[in-house]
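Participant: Following this message is one structure expressed as structure tokens.
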Amino acid sequence: MRPIRSVVAAIAASAAVVLSGSPASALERLVLKLPFLELDFTINLGEGRSVEEVIRSSPDLADLESASEGRLLALLQKIFLTPLPLELRGLLEGSSGQPLMEQALKAATYIVNLEGVPADPSGSMLTEALIRAYENDQNNLLGFLHQLPGEEASIDFSKVGEALNRLNANLKDGLELVNVGSAAPVSSEFFESLRVETSMREILRVPVQHREESLRVLVVRPRRAGNQRLVVISHGLWDDPESFEAWAEVLAANGYVVLLPDHPGSDFDQQRAMLAGDRPPPGPEELRLRPLDVSALLTAVEKGRFLADRDLNTNAVAVVGHSWGATTTLQLAGASPTDQKLKARCNDLDDPERNISWVLQCSWLSGINSAGIADSRVKTVVAVSPPLRLLFDPLQSLDRSDAFRSSRPKVLLISGTRDWIVPSGPEAVIPMRETQAARLGHRLVLVDGGTHFNLRSSRGQASKAVIGPLLLAWINQQLQVASSPTFEEGRWGHPDRRLVDASGQY
């Protein structure tokens with residue numbers, strides 16, 4: 001997932017979907033419920049076409065305007081009259097009825113209620129209201145509200161507090177584990193070696209059978225002779241390879257050739273096209289296509305159609321992924337997706353483990369039966385902040401897959417203790433505990449203060465790559481590459497963050 005303004009616009013749009021409904025009548029009232037203050041504020045929208053008219057027709061606001069000595073008017077003008085993003089219209093026109101948008105709708109209904117109209121899960125009424133606002137030159141929140149049907153919309157802010165409390169609870173396990181654990185030591189010699197530029201990069205195109213378009217691949221490799229070993233790095237939703245180039249630089253500096261493919265159905269370019277209304281959101285089919293992208297690259301190298309001059313070993317490959325890319329790595333390692341938890345838990349908006357990543361996970365339901373894409377050439381994976389709680393039931397499927405009984409891929413799971421999007425509790429600690437993953441040789445490393453985005457590092461930032469030494473140490477050990485560091489040696493810490501091996505401590 002990519003933390004940019006357009007993503008914020010997308011989230012805002014998905015939250016607004018819940019205000020859709022039948023075009024019977026214009027919205028009359030907006031009620032803000034503040035139980036913690038024992039107050040409800042009613043805003044009478046009526047026919048008011050300006051903020052001043054709305055204040056005059058709403059006694060609650062009129063009293064506040066008087067008490068604030070006129071300052072409320074300026075505040076409300078900013079809220080109600082700020083232009084809506086131009087991308088918003090294109091986003092909704094291209095995404096109505098798609099699984100990802102539908103799941104966002106369910107999440108938003110937790111705090112917003114629309115009365116007087118039947119439910120409309122397609123979101124088409126929102127699109128129509130938004131388009132009417134733009135056509136009437138009212139592309140702001142007030143104009144948008146005037147175009148909505150129904151009698152009254154209410155926002156219960158106690159639900160916001162409940163959601164925040166749940167998110168905090170989902171971080172608790174990870175925070176406790178990292179606070180009692182010992183941080184991995186830092187190797188100053190290792191970081192000194194990264195000061196010298198030892199890698200080179202290029203962009204290549206690789207045709208694949210399962211997509212109409214070829215894959216764009218960023219290749220980072222050693223300037224000198226390497227170890228003939230191959231690593232693939234898979235990016236997350238609406239991201240791109242360049243966000244992870246420093247990880248590749250660390251690996252290339254130590255002899256690895258690293259491939260970073262663009263997944264065209266869910267990358268940054270796809271996001272821009274979606275916001276422009278030219279493409280829908282990523283569909284559940286991408287759950288199958290992403291691991292196929294990685295396997296196709298390995299086959300292209302194996303058959304000599306790609307990087308034939310490097311004499312690379314494709315029989316023992318490591319795959320690293322972030323967010324959705326991390327889920328992709330688990331599929332490649334043999335974890336079998338199942339619909340059991342998706343069907344049982346996606347509709348429960350009060351589920352104590354519910355988190356932001358469930359919007360994405362629940363959108364995968366219809367593609368689950370074709371998403372078991374394992375690749376025996378993948379001998380180990382590093383999964384950084386993977387959405388996995390609902391998808392794999394349980395993770396010990398890694399231990400049961402017939403294809404991997406003799407050489408089970410080992411998984412290193414990395415999670416940040418401040419990741420609000422894929423929180424460490426339900427998406428890392430609990431699955432590892434239930435699976436007894438340490439017994440199977442898998443490991444969990446927690447990054448103190450790590451968020452969903454601050455573990456990434458772009459080009460030229462190898463020394464700042466918080467998990468760079470950890471990636472190298474794990475892959476060295478699992479692929480039995482005679483190089484230092486290794487995971488068991490333990491010197492894969494970073495001076496900017498505490499990295500704690502929590503394996504078996506939960």
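In the structure tokens, chains take letters A, B, ... by order of appearance, with residues numbered from 1 within each chain and ligands from 1 in the order shown.
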If you count only C-alpha atoms, which residues fall within 9 Å of Arg211 (chain A), apart from same-chain ones fewer than 5 positions away, as a list in words?

Facilitator: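 The residues that qualify are Pro264, Leu289 and Asp293 of chain A.
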
Participant: Would you write out those residues with C-alpha atoms, as a PDB file, in the first residue's frame?

Facilitator:
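selection.pdb, written as the output of this step:
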```
ATOM      1  CA  PRO A 264       0.451  -4.579 -13.173  1.00  0.00           C
ATOM      2  CA  LEU A 289      -1.838 -13.577 -10.750  1.00  0.00           C
ATOM      3  CA  ASP A 293       4.218 -13.199 -11.934  1.00  0.00           C
TER       4      ASP A 293
END
```

Participant: I'd like the contact shell of region 349-355 of chain A - 12 Å cut-off, only C-alpha atoms, skipping same-chain residues fewer than 6 positions apart - returned as a PDB file with C-alpha atoms, in the first residue's frame.

Facilitator:
```
ATOM      1  CA  GLN A 103     -15.625  -4.259   1.598  1.00  0.00           C
ATOM      2  CA  ALA A 104     -14.719  -0.621   2.207  1.00  0.00           C
ATOM      3  CA  LEU A 105     -18.456   0.106   2.274  1.00  0.00           C
ATOM      4  CA  LYS A 106     -19.005  -2.502   4.991  1.00  0.00           C
ATOM      5  CA  ALA A 107     -16.183  -1.036   7.061  1.00  0.00           C
ATOM      6  CA  ALA A 108     -17.570   2.484   6.742  1.00  0.00           C
ATOM      7  CA  THR A 109     -21.100   1.459   7.793  1.00  0.00           C
ATOM      8  CA  TYR A 110     -19.653   0.789  11.233  1.00  0.00           C
ATOM      9  CA  ILE A 111     -19.810   4.525  12.053  1.00  0.00           C
ATOM     10  CA  LYS A 159     -17.879   3.944  17.115  1.00  0.00           C
ATOM     11  CA  GLU A 162     -14.330   1.735  19.662  1.00  0.00           C
ATOM     12  CA  ALA A 163     -12.472   1.165  16.415  1.00  0.00           C
ATOM     13  CA  LEU A 164      -9.397   2.984  17.734  1.00  0.00           C
ATOM     14  CA  ASN A 165      -9.490   0.978  20.963  1.00  0.00           C
ATOM     15  CA  ARG A 166      -9.660  -2.224  18.941  1.00  0.00           C
ATOM     16  CA  LEU A 167      -6.669  -1.160  16.847  1.00  0.00           C
ATOM     17  CA  ASN A 168      -4.708  -0.377  20.012  1.00  0.00           C
ATOM     18  CA  ALA A 169      -5.628  -3.777  21.444  1.00  0.00           C
ATOM     19  CA  ASN A 170      -4.393  -5.427  18.251  1.00  0.00           C
ATOM     20  CA  LEU A 171      -0.987  -3.822  18.785  1.00  0.00           C
ATOM     21  CA  LYS A 172      -0.728  -4.837  22.445  1.00  0.00           C
ATOM     22  CA  LYS A 341     -12.447 -17.562   8.002  1.00  0.00           C
ATOM     23  CA  LEU A 342     -13.348 -15.203   5.179  1.00  0.00           C
ATOM     24  CA  GLN A 361      -8.494  -9.712   2.617  1.00  0.00           C
ATOM     25  CA  CYS A 362     -12.285  -9.951   2.455  1.00  0.00           C
ATOM     26  CA  PRO A 387      -2.331  -9.612   5.561  1.00  0.00           C
ATOM     27  CA  LEU A 388      -2.856 -13.293   6.400  1.00  0.00           C
ATOM     28  CA  ARG A 389      -5.212 -13.844   9.333  1.00  0.00           C
ATOM     29  CA  LEU A 390      -8.310 -14.619   7.261  1.00  0.00           C
ATOM     30  CA  ASP A 419       1.550  -0.972  12.088  1.00  0.00           C
ATOM     31  CA  TRP A 420      -2.095   0.172  12.150  1.00  0.00           C
ATOM     32  CA  ILE A 421      -2.868  -1.255   8.713  1.00  0.00           C
ATOM     33  CA  VAL A 422      -1.640  -4.823   9.307  1.00  0.00           C
ATOM     34  CA  PRO A 423      -1.327  -4.910  13.130  1.00  0.00           C
ATOM     35  CA  SER A 424       1.118  -7.341  14.696  1.00  0.00           C
ATOM     36  CA  GLY A 425      -1.378  -8.997  17.051  1.00  0.00           C
ATOM     37  CA  PRO A 426      -3.920 -10.656  14.749  1.00  0.00           C
ATOM     38  CA  GLU A 427      -1.741 -10.728  11.630  1.00  0.00           C
ATOM     39  CA  ALA A 428       1.558 -11.986  13.114  1.00  0.00           C
ATOM     40  CA  VAL A 429       1.676 -12.940  16.789  1.00  0.00           C
ATOM     41  CA  ILE A 430      -1.591 -14.908  17.010  1.00  0.00           C
ATOM     42  CA  PRO A 431      -1.078 -16.924  13.781  1.00  0.00           C
TER      43      PRO A 431
END
```

Participant: Kindly indicate which residue among A:Ser366, A:Ser457, A:Ser503, A:Ser336 lies nearest to His442 (chain A), using only C-alpha atoms for the distances.

Facilitator: A:Ser503

Participant: One number please: CA of Asn454 (chain A) to CA of Val257 (chain A), in Å, one decimal.

Facilitator: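 We find that CA of Asn454 (chain A) and CA of Val257 (chain A) lie 24.1 Å from each other.
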
Participant: Excluding Gly416 (chain A) and its own-chain neighbours fewer than 2 positions away, which residues fall within 9 Å of it when counting only C-alpha atoms? Please give them as an NGL selection string.

Facilitator: :A and (174 or 384-385 or 414 or 418-419 or 422-424 or 445-452 or 454-455)

Participant: Out of A:Val54, A:Val231, A:Leu141, A:Leu30, which residue has the shortest atom-to-atom distance to Leu81 (chain A) when counting only C-alpha atoms?

Facilitator: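 Using only C-alpha atoms, Leu81 (chain A) sits closest to A:Leu141.
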
Participant: Please, which residues of region 232-362 of chain A, numbered as in this document, come out strand (DSSP E) from DSSP, as an NGL selection string?

Facilitator: :A and (232-234 or 256-261 or 313-322)

Participant: Generate the output file for the selected residues, N, CA and C atoms, as a JSON list (two decimals), in the first residue's frame.

Facilitator:
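What follows is the written file part-v9.json:
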```
[["chain", "number", "residue", "atom", "x", "y", "z"],
["A", 232, "VAL", "N", 13.76, -12.56, -5.29],
["A", 232, "VAL", "CA", 12.68, -11.77, -5.88],
["A", 232, "VAL", "C", 12.00, -10.98, -4.77],
["A", 233, "ILE", "N", 11.74, -9.70, -5.02],
["A", 233, "ILE", "CA", 11.04, -8.85, -4.05],
["A", 233, "ILE", "C", 9.70, -8.42, -4.65],
["A", 234, "SER", "N", 8.61, -8.71, -3.93],
["A", 234, "SER", "CA", 7.25, -8.42, -4.40],
["A", 234, "SER", "C", 6.67, -7.25, -3.62],
["A", 256, "TYR", "N", 23.99, -11.18, -4.38],
["A", 256, "TYR", "CA", 22.72, -11.67, -4.93],
["A", 256, "TYR", "C", 22.27, -10.84, -6.12],
["A", 257, "VAL", "N", 21.63, -11.51, -7.08],
["A", 257, "VAL", "CA", 20.90, -10.82, -8.14],
["A", 257, "VAL", "C", 19.45, -10.72, -7.68],
["A", 258, "VAL", "N", 18.88, -9.51, -7.73],
["A", 258, "VAL", "CA", 17.55, -9.26, -7.18],
["A", 258, "VAL", "C", 16.61, -8.78, -8.28],
["A", 259, "LEU", "N", 15.47, -9.43, -8.39],
["A", 259, "LEU", "CA", 14.42, -9.04, -9.35],
["A", 259, "LEU", "C", 13.27, -8.42, -8.59],
["A", 260, "LEU", "N", 12.85, -7.25, -9.03],
["A", 260, "LEU", "CA", 11.72, -6.56, -8.41],
["A", 260, "LEU", "C", 10.66, -6.29, -9.47],
["A", 261, "PRO", "N", 9.68, -7.19, -9.62],
["A", 261, "PRO", "CA", 8.66, -7.02, -10.67],
["A", 261, "PRO", "C", 7.58, -6.03, -10.26],
["A", 313, "ASN", "N", 21.25, -19.73, -10.18],
["A", 313, "ASN", "CA", 20.66, -20.94, -9.63],
["A", 313, "ASN", "C", 19.17, -20.70, -9.38],
["A", 314, "THR", "N", 18.32, -21.32, -10.17],
["A", 314, "THR", "CA", 16.87, -21.15, -10.01],
["A", 314, "THR", "C", 16.24, -22.29, -9.22],
["A", 315, "ASN", "N", 17.06, -23.21, -8.71],
["A", 315, "ASN", "CA", 16.52, -24.33, -7.95],
["A", 315, "ASN", "C", 16.35, -24.02, -6.47],
["A", 316, "ALA", "N", 16.95, -22.93, -6.02],
["A", 316, "ALA", "CA", 16.86, -22.54, -4.61],
["A", 316, "ALA", "C", 16.80, -21.02, -4.54],
["A", 317, "VAL", "N", 15.58, -20.49, -4.55],
["A", 317, "VAL", "CA", 15.35, -19.05, -4.66],
["A", 317, "VAL", "C", 14.71, -18.54, -3.37],
["A", 318, "ALA", "N", 15.04, -17.31, -3.00],
["A", 318, "ALA", "CA", 14.39, -16.63, -1.88],
["A", 318, "ALA", "C", 13.43, -15.57, -2.43],
["A", 319, "VAL", "N", 12.28, -15.43, -1.79],
["A", 319, "VAL", "CA", 11.31, -14.41, -2.19],
["A", 319, "VAL", "C", 10.98, -13.56, -0.96],
["A", 320, "VAL", "N", 11.04, -12.25, -1.14],
["A", 320, "VAL", "CA", 10.74, -11.28, -0.10],
["A", 320, "VAL", "C", 9.52, -10.47, -0.54],
["A", 321, "GLY", "N", 8.63, -10.15, 0.37],
["A", 321, "GLY", "CA", 7.46, -9.36, -0.01],
["A", 321, "GLY", "C", 7.01, -8.45, 1.10],
["A", 322, "HIS", "N", 6.36, -7.36, 0.72],
["A", 322, "HIS", "CA", 5.81, -6.40, 1.67],
["A", 322, "HIS", "C", 4.30, -6.31, 1.49]]
```

Participant: Near Ala133 (chain A), within 9 Å and counting only C-alpha atoms, which residues show up once chain neighbours fewer than 3 positions away are dropped, as JSON, numbers by chain?

Facilitator: {"A": [128, 129, 130, 136, 137, 138, 139, 140, 143, 144, 145, 146, 147]}

Participant: Output the selection as a PDB file, in the first residue's frame - N, CA and C atoms for each residue.

Facilitator:
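File written: result27.pdb
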```pdb
ATOM      1  N   GLU A 128     -23.796   8.562  -8.466  1.00  0.00           N
ATOM      2  CA  GLU A 128     -24.742   9.473  -9.097  1.00  0.00           C
ATOM      3  C   GLU A 128     -24.794  10.812  -8.365  1.00  0.00           C
ATOM      4  N   ALA A 129     -24.777  10.776  -7.015  1.00  0.00           N
ATOM      5  CA  ALA A 129     -24.806  12.016  -6.241  1.00  0.00           C
ATOM      6  C   ALA A 129     -23.540  12.831  -6.474  1.00  0.00           C
ATOM      7  N   LEU A 130     -22.411  12.152  -6.533  1.00  0.00           N
ATOM      8  CA  LEU A 130     -21.142  12.844  -6.751  1.00  0.00           C
ATOM      9  C   LEU A 130     -21.098  13.490  -8.135  1.00  0.00           C
ATOM     10  N   ASN A 136     -23.316  20.227 -11.269  1.00  0.00           N
ATOM     11  CA  ASN A 136     -23.937  21.464 -10.788  1.00  0.00           C
ATOM     12  C   ASN A 136     -22.913  22.454 -10.237  1.00  0.00           C
ATOM     13  N   ASP A 137     -21.641  22.175 -10.509  1.00  0.00           N
ATOM     14  CA  ASP A 137     -20.556  23.043 -10.042  1.00  0.00           C
ATOM     15  C   ASP A 137     -20.595  23.186  -8.527  1.00  0.00           C
ATOM     16  N   GLN A 138     -20.879  22.067  -7.842  1.00  0.00           N
ATOM     17  CA  GLN A 138     -20.912  22.035  -6.377  1.00  0.00           C
ATOM     18  C   GLN A 138     -20.000  20.915  -5.868  1.00  0.00           C
ATOM     19  N   ASN A 139     -18.775  20.884  -6.381  1.00  0.00           N
ATOM     20  CA  ASN A 139     -17.871  19.797  -6.038  1.00  0.00           C
ATOM     21  C   ASN A 139     -17.192  20.034  -4.686  1.00  0.00           C
ATOM     22  N   ASN A 140     -18.018  20.083  -3.633  1.00  0.00           N
ATOM     23  CA  ASN A 140     -17.531  20.174  -2.269  1.00  0.00           C
ATOM     24  C   ASN A 140     -18.463  19.350  -1.391  1.00  0.00           C
ATOM     25  N   GLY A 143     -22.198  20.555  -1.329  1.00  0.00           N
ATOM     26  CA  GLY A 143     -22.899  20.216  -2.557  1.00  0.00           C
ATOM     27  C   GLY A 143     -23.168  18.731  -2.669  1.00  0.00           C
ATOM     28  N   PHE A 144     -22.200  17.928  -2.239  1.00  0.00           N
ATOM     29  CA  PHE A 144     -22.356  16.475  -2.282  1.00  0.00           C
ATOM     30  C   PHE A 144     -23.489  16.032  -1.353  1.00  0.00           C
ATOM     31  N   LEU A 145     -23.538  16.591  -0.119  1.00  0.00           N
ATOM     32  CA  LEU A 145     -24.589  16.221   0.816  1.00  0.00           C
ATOM     33  C   LEU A 145     -25.964  16.596   0.276  1.00  0.00           C
ATOM     34  N   HIS A 146     -26.043  17.711  -0.430  1.00  0.00           N
ATOM     35  CA  HIS A 146     -27.327  18.130  -0.982  1.00  0.00           C
ATOM     36  C   HIS A 146     -27.822  17.169  -2.064  1.00  0.00           C
ATOM     37  N   GLN A 147     -26.930  16.439  -2.673  1.00  0.00           N
ATOM     38  CA  GLN A 147     -27.322  15.518  -3.732  1.00  0.00           C
ATOM     39  C   GLN A 147     -27.652  14.118  -3.216  1.00  0.00           C
TER      40      GLN A 147
END
```

Participant: Quick one: pull the distance between CA of Gly226 (chain A) and CA of Asn254 (chain A), Å, one decimal.

Facilitator: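 Value for the CA of Gly226 (chain A)-CA of Asn254 (chain A) distance: 7.5 Å.
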